[in-house]
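Student: The structure is given below, and queries will be raised subsequently.
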Amino acid sequence: MNAEQVEKLIWESLEARLAKAGLTKDGVDAAASLIELGIVDSFGFLELITTLEEATGAFVDFAELDPDEFTSVAGLARSLIQCME
């Protein structure tokens with residue numbers, strides 16, 4: 001999977017949460033914090049990570065990643081790509 005495919009997968013995984021928050025993909029900057037925007041809370045973030053791990057086969061090792069990096073769609077995509085290498 002390349003970065004574009006991973007980012008698309010993340011947006012698809014967030015679709016219901018975005019709709020619930022009254023947002024669309026086009027209305028959210030890929031660099032914005034999903035937690036700060038209220039799209040996911042800490043539990044929702046863990047659910048999202050689990051979903052993405054299952055879909056990509058990656059294992060996210062939080063100890064090796066910058067927590068501020070993977071709270072956005074763009075950062076999460078970069079982190080997942082890193083975990084898949």
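Ordered as shown in the structure tokens, chains take letters A, B, and onward, while each chain numbers its residues from 1 and ligands are numbered from 1 in the order shown.
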Can you pull out every residue within 12 Å of Leu23 (chain A), counting only C-alpha atoms, but drop anything in the same chain fewer than 6 positions away, and send it as a list in words?
Tutor: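 Those residues are Trp11, Leu14, Glu15, Ala16, Arg17, Asp29, Leu34, Leu37, Gly38 and Ile39 of chain A.
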Student: What's around region 52-56 of chain A at 12 Å? Count only C-alpha atoms, leave out sequence neighbours fewer than 3 positions away in its own chain, and write the answer as a PyMOL selection string.
Tutor: chain A and resi 1-3+5-14+45-49+59-61+73+76-77+79-85
Student: Take the selection from the previous step and output its residues with C-alpha atoms, as a short mmCIF file (atom, residue, chain, number, x, y, z; two decimals), in the first residue's frame.
Tutor:
```cif
data_model
loop_
_atom_site.label_atom_id
_atom_site.label_comp_id
_atom_site.auth_asym_id
_atom_site.auth_seq_id
_atom_site.Cartn_x
_atom_site.Cartn_y
_atom_site.Cartn_z
CA MET A 1 0.00 0.00 0.00
CA ASN A 2 1.26 3.45 -0.81
CA ALA A 3 0.68 6.66 1.15
CA GLN A 5 -4.03 4.40 -0.52
CA VAL A 6 -3.45 4.50 3.23
CA GLU A 7 -4.78 8.05 3.48
CA LYS A 8 -7.86 7.05 1.46
CA LEU A 9 -8.42 4.11 3.80
CA ILE A 10 -8.20 6.42 6.82
CA TRP A 11 -10.75 8.84 5.35
CA GLU A 12 -13.09 5.92 4.56
CA SER A 13 -12.69 4.63 8.13
CA LEU A 14 -13.60 8.08 9.45
CA PHE A 45 -8.83 6.70 18.24
CA LEU A 46 -7.88 3.24 19.51
CA GLU A 47 -10.78 1.74 17.54
CA LEU A 48 -9.56 3.57 14.44
CA ILE A 49 -6.01 2.30 14.92
CA PHE A 59 1.30 -3.04 13.79
CA VAL A 60 1.41 0.42 15.35
CA ASP A 61 4.08 0.54 18.04
CA VAL A 73 -4.97 11.88 8.89
CA LEU A 76 -1.43 8.71 10.78
CA ALA A 77 -0.87 7.77 7.14
CA SER A 79 3.01 6.48 10.71
CA LEU A 80 1.19 3.49 9.19
CA ILE A 81 3.50 3.50 6.17
CA GLN A 82 6.46 3.55 8.57
CA CYS A 83 5.00 0.62 10.52
CA MET A 84 4.48 -1.38 7.32
CA GLU A 85 8.13 -1.05 6.25
#
```
Student: At what distance in Å, to one decimal, does CA of Glu4 (chain A) lie from CA of Phe70 (chain A)?
Tutor: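 That distance, rounded to one decimal, is 15.7 Å.
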Student: Using DSSP assignments from the backbone, pull out every residue in chain A that falls under alpha helix (DSSP H) and give it to me as a PyMOL selection string.
Tutor: chain A and resi 3-20+42-56+73-84
